[in-house]
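Notes follow once the structure below has been shown.
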Amino acid sequence: MQTQSITQKLANPTRFMALSGTLLPWLAGIAVVLIVYGLYRGWTAPPDYQQGETIRIMYIHVPSAWLGMMGYALIALSSFGLLVFRHPLADVSAKAAAPIGAAFTLLALITGSLWGKPMWGTYWVWDARLTSVLLLFFLYLGLISLRTSIEEETLASKLTAVLALVGVVILPFIKISVEGLSIPWLGLEIPAWNTLHQPSSVFRTDGPKIHSSQLYPLLYSALGFTFLFFALHMKGMRNEILRRRVKALRIAEVDRARAKEAVAAAE
Amino acid sequence: MDLGPHATFIIASYAIFTLVLASLTAWLMYDGARQKRLLEGLQAKGARRRPRSGETESTQ
């Protein structure tokens with residue numbers, strides 16, 4: 001008997017609906033517990049020696065930025081699954097992820113701006129990091145607009161998938177914009193752009209550059225918001241499957257009514 | 001808790017963050033309930049994707 005991979009098993013929307021119906025409350029529950037715990041620890045941690053109390057913004061800004069990028073990576077992966085493997089749920093996943101990723105990217109921009117004013121003295125600068133994240137937000141809006149502007153669903157999903165895959169180049173650009181890129185064995189050396197934004201303090205080759213009293217709350221908070229992202233994404237996918245069932249039923253009913261009319265006219 | 005001279009920025013960040021995520025969650029919950037209601041309404045009217053036995057399926 002041939003064994004099926006998890007993606008093959010989930011290719012059946014009915015099976016996905018049953019499984020996600022069980023998983024969703026757990027995902028949401030774990031998200032709430034982790035977020036509450038992470039933020040509680042973040043708000044009871046001592047203030048930063050340089051940034052003072054404004055460091056509290058980090059516990060929502062950094063997860064938002066990570067999830068804004070992760071959301072786009074998920075859309076790109078789903079788009080690849082649609083175009084290459086024609087997975088039945090790939091387009092549902094890509095469509096559901098777009099507004100959630102856009103919301104987190106917008107939150108990264110807003111909270112970053114509100115953090116930047118007291119720390120940098122300005123809400124906004126047109127530097128590489130901030131501008132590239134703004135472009136990511138516009139890409140999300142582009143994907144949503146393109147899909148809604150085309151009535152034929154199969155065409156809309158394919159064109160949106162192509163745009164999503166073209167736009168994925170923004171993700172390494174966001175990362176490189178602050179830190180540059182050095183791959184000595186390839187002879188590749190991309191210098192960091194001039195920017196006000198600090199480089200990553202957590203995911204570094206030489207280990208985190210952030211005190212554990214701030215690092216752990218940040219990681220709990222980020223993990224909690226990641227669970228929330230997937231809970232919202234699962235809910236969005238369930239909604240989309242229901243929407244497609246409603247549409248299929250309406251089309252089938254209209255087709256049937258037309259067929260009856262045609263038979264009656266022929267008689 | 002004293003949030004210092006930049007309290008407004010911290011509170012505004014959390015307020016906007018909560019508002020956006022709460023709105024997104026509420027919209028997803030509303031949309032889910034609406035689609036479920038529409039589907040149940042159609043099924044209650046006898047709508048189905050495949051024809052009943054004896055009915056010819058449209059070729060369109």
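Simple scheme: letters A, B, ... for chains in structure tokens order, numbers from 1 for residues in each chain, numbers from 1 for ligands in the order shown.
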Original post:
When the cut-off is 8 Å and we count only C-alpha atoms, which residues of chain B are near chain A, given as a PyMOL selection string?
Top reply: chain B and resi 3-4+6-7+9-10+12-14+16-17+20-21+24-25+28-29+31-32+35-36+38-39+42+47-51+56-58+60
Subject >> DSSP alpha helix (DSSP H) residues within chain B, listed as a PyMOL selection string >> reply: chain B and resi 7-44
How would the residues just chosen look if you wrote them out with N, CA and C atoms as a compact mmCIF listing (two decimals), in the first residue's frame?
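Just written: selection_11.txt:
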```txt
# COMPACT_ATOMS: atom_id res chain seq x y z
N ALA B 7 6.27 57.57 26.71
CA ALA B 7 5.10 56.70 26.97
C ALA B 7 4.09 56.73 25.82
N THR B 8 3.88 57.92 25.25
CA THR B 8 2.89 58.04 24.16
C THR B 8 3.22 57.11 22.99
N PHE B 9 4.50 57.03 22.64
CA PHE B 9 4.91 56.18 21.51
C PHE B 9 4.69 54.70 21.82
N ILE B 10 4.99 54.33 23.07
CA ILE B 10 4.85 52.91 23.46
C ILE B 10 3.37 52.54 23.47
N ILE B 11 2.56 53.37 24.10
CA ILE B 11 1.12 53.08 24.20
C ILE B 11 0.47 53.08 22.81
N ALA B 12 0.85 54.06 21.98
CA ALA B 12 0.29 54.13 20.63
C ALA B 12 0.65 52.88 19.83
N SER B 13 1.90 52.40 19.98
CA SER B 13 2.32 51.19 19.26
C SER B 13 1.44 50.01 19.63
N TYR B 14 1.27 49.80 20.93
CA TYR B 14 0.47 48.65 21.39
C TYR B 14 -1.01 48.81 21.03
N ALA B 15 -1.50 50.03 21.08
CA ALA B 15 -2.92 50.27 20.77
C ALA B 15 -3.20 49.96 19.29
N ILE B 16 -2.33 50.47 18.41
CA ILE B 16 -2.52 50.22 16.97
C ILE B 16 -2.34 48.74 16.66
N PHE B 17 -1.34 48.15 17.28
CA PHE B 17 -1.06 46.72 17.08
C PHE B 17 -2.30 45.88 17.46
N THR B 18 -2.86 46.17 18.62
CA THR B 18 -4.03 45.42 19.10
C THR B 18 -5.23 45.66 18.18
N LEU B 19 -5.42 46.91 17.79
CA LEU B 19 -6.55 47.26 16.93
C LEU B 19 -6.49 46.52 15.59
N VAL B 20 -5.30 46.53 14.96
CA VAL B 20 -5.17 45.89 13.64
C VAL B 20 -5.38 44.37 13.75
N LEU B 21 -4.75 43.74 14.74
CA LEU B 21 -4.89 42.28 14.86
C LEU B 21 -6.31 41.89 15.28
N ALA B 22 -6.92 42.69 16.14
CA ALA B 22 -8.31 42.39 16.56
C ALA B 22 -9.25 42.54 15.36
N SER B 23 -9.03 43.58 14.55
CA SER B 23 -9.88 43.78 13.36
C SER B 23 -9.72 42.63 12.37
N LEU B 24 -8.48 42.20 12.17
CA LEU B 24 -8.21 41.09 11.25
C LEU B 24 -8.90 39.80 11.73
N THR B 25 -8.78 39.54 13.03
CA THR B 25 -9.41 38.34 13.61
C THR B 25 -10.93 38.43 13.48
N ALA B 26 -11.48 39.59 13.81
CA ALA B 26 -12.94 39.77 13.74
C ALA B 26 -13.44 39.59 12.30
N TRP B 27 -12.69 40.12 11.33
CA TRP B 27 -13.08 40.00 9.93
C TRP B 27 -13.07 38.53 9.50
N LEU B 28 -12.03 37.79 9.92
CA LEU B 28 -11.95 36.36 9.56
C LEU B 28 -13.09 35.57 10.19
N MET B 29 -13.42 35.90 11.44
CA MET B 29 -14.52 35.19 12.13
C MET B 29 -15.85 35.49 11.43
N TYR B 30 -16.06 36.78 11.10
CA TYR B 30 -17.30 37.20 10.43
C TYR B 30 -17.42 36.53 9.07
N ASP B 31 -16.31 36.56 8.32
CA ASP B 31 -16.31 35.97 6.97
C ASP B 31 -16.60 34.47 7.04
N GLY B 32 -16.00 33.79 8.01
CA GLY B 32 -16.22 32.35 8.17
C GLY B 32 -17.68 32.05 8.47
N ALA B 33 -18.27 32.84 9.39
CA ALA B 33 -19.67 32.63 9.77
C ALA B 33 -20.59 32.90 8.58
N ARG B 34 -20.24 33.93 7.80
CA ARG B 34 -21.06 34.30 6.63
C ARG B 34 -21.03 33.19 5.57
N GLN B 35 -19.83 32.69 5.27
CA GLN B 35 -19.72 31.62 4.25
C GLN B 35 -20.45 30.36 4.70
N LYS B 36 -20.34 30.06 5.99
CA LYS B 36 -21.01 28.86 6.52
C LYS B 36 -22.53 29.01 6.40
N ARG B 37 -23.01 30.23 6.71
CA ARG B 37 -24.45 30.50 6.64
C ARG B 37 -24.95 30.38 5.19
N LEU B 38 -24.16 30.94 4.25
CA LEU B 38 -24.53 30.87 2.83
C LEU B 38 -24.58 29.42 2.35
N LEU B 39 -23.57 28.65 2.75
CA LEU B 39 -23.49 27.24 2.33
C LEU B 39 -24.67 26.45 2.90
N GLU B 40 -24.94 26.66 4.16
CA GLU B 40 -26.07 25.94 4.79
C GLU B 40 -27.40 26.34 4.16
N GLY B 41 -27.51 27.64 3.80
CA GLY B 41 -28.73 28.13 3.16
C GLY B 41 -28.96 27.46 1.80
N LEU B 42 -27.87 27.36 1.02
CA LEU B 42 -27.97 26.71 -0.30
C LEU B 42 -28.30 25.23 -0.16
N GLN B 43 -27.66 24.58 0.81
CA GLN B 43 -27.91 23.14 1.00
C GLN B 43 -29.34 22.90 1.47
N ALA B 44 -29.85 23.83 2.29
CA ALA B 44 -31.22 23.70 2.78
C ALA B 44 -32.23 23.83 1.64
```
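Distance annotation: of A:Leu163, A:Ile176, A:Met69, A:Pro25, the residue with the minimal separation from Glu189 in chain A is A:Ile176; atom set is only C-alpha atoms.
Separating CA of Phe137 in chain A from CA of Ala102 in chain A is a distance of 5.9 Å.
CA of Pro63 in chain A to CA of Ser78 in chain A spans 21.7 Å [interatomic distance, one decimal].
Taking only range 95-256 of chain A, the residues that DSSP calls strand (DSSP E or B) from the backbone come to Leu181, Ser182, Ile183, Leu188, Glu189 and Ile190 of chain A.
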**OP:** Have a look at CA of Ser132 in chain A and CA of Ile174 in chain A and let me know their distance in Å, one decimal.
**Re:**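 The value is 5.7 Å.
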Subject >> Closest of A:Leu196, A:Ile150, A:Ile30, A:Ala11 to Asp127 in chain A - atom-to-atom distances counting only C-alpha atoms >> reply: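 Of A:Leu196, A:Ile150, A:Ile30, A:Ala11, the one nearest Asp127 in chain A, counting only C-alpha atoms, is A:Leu196.
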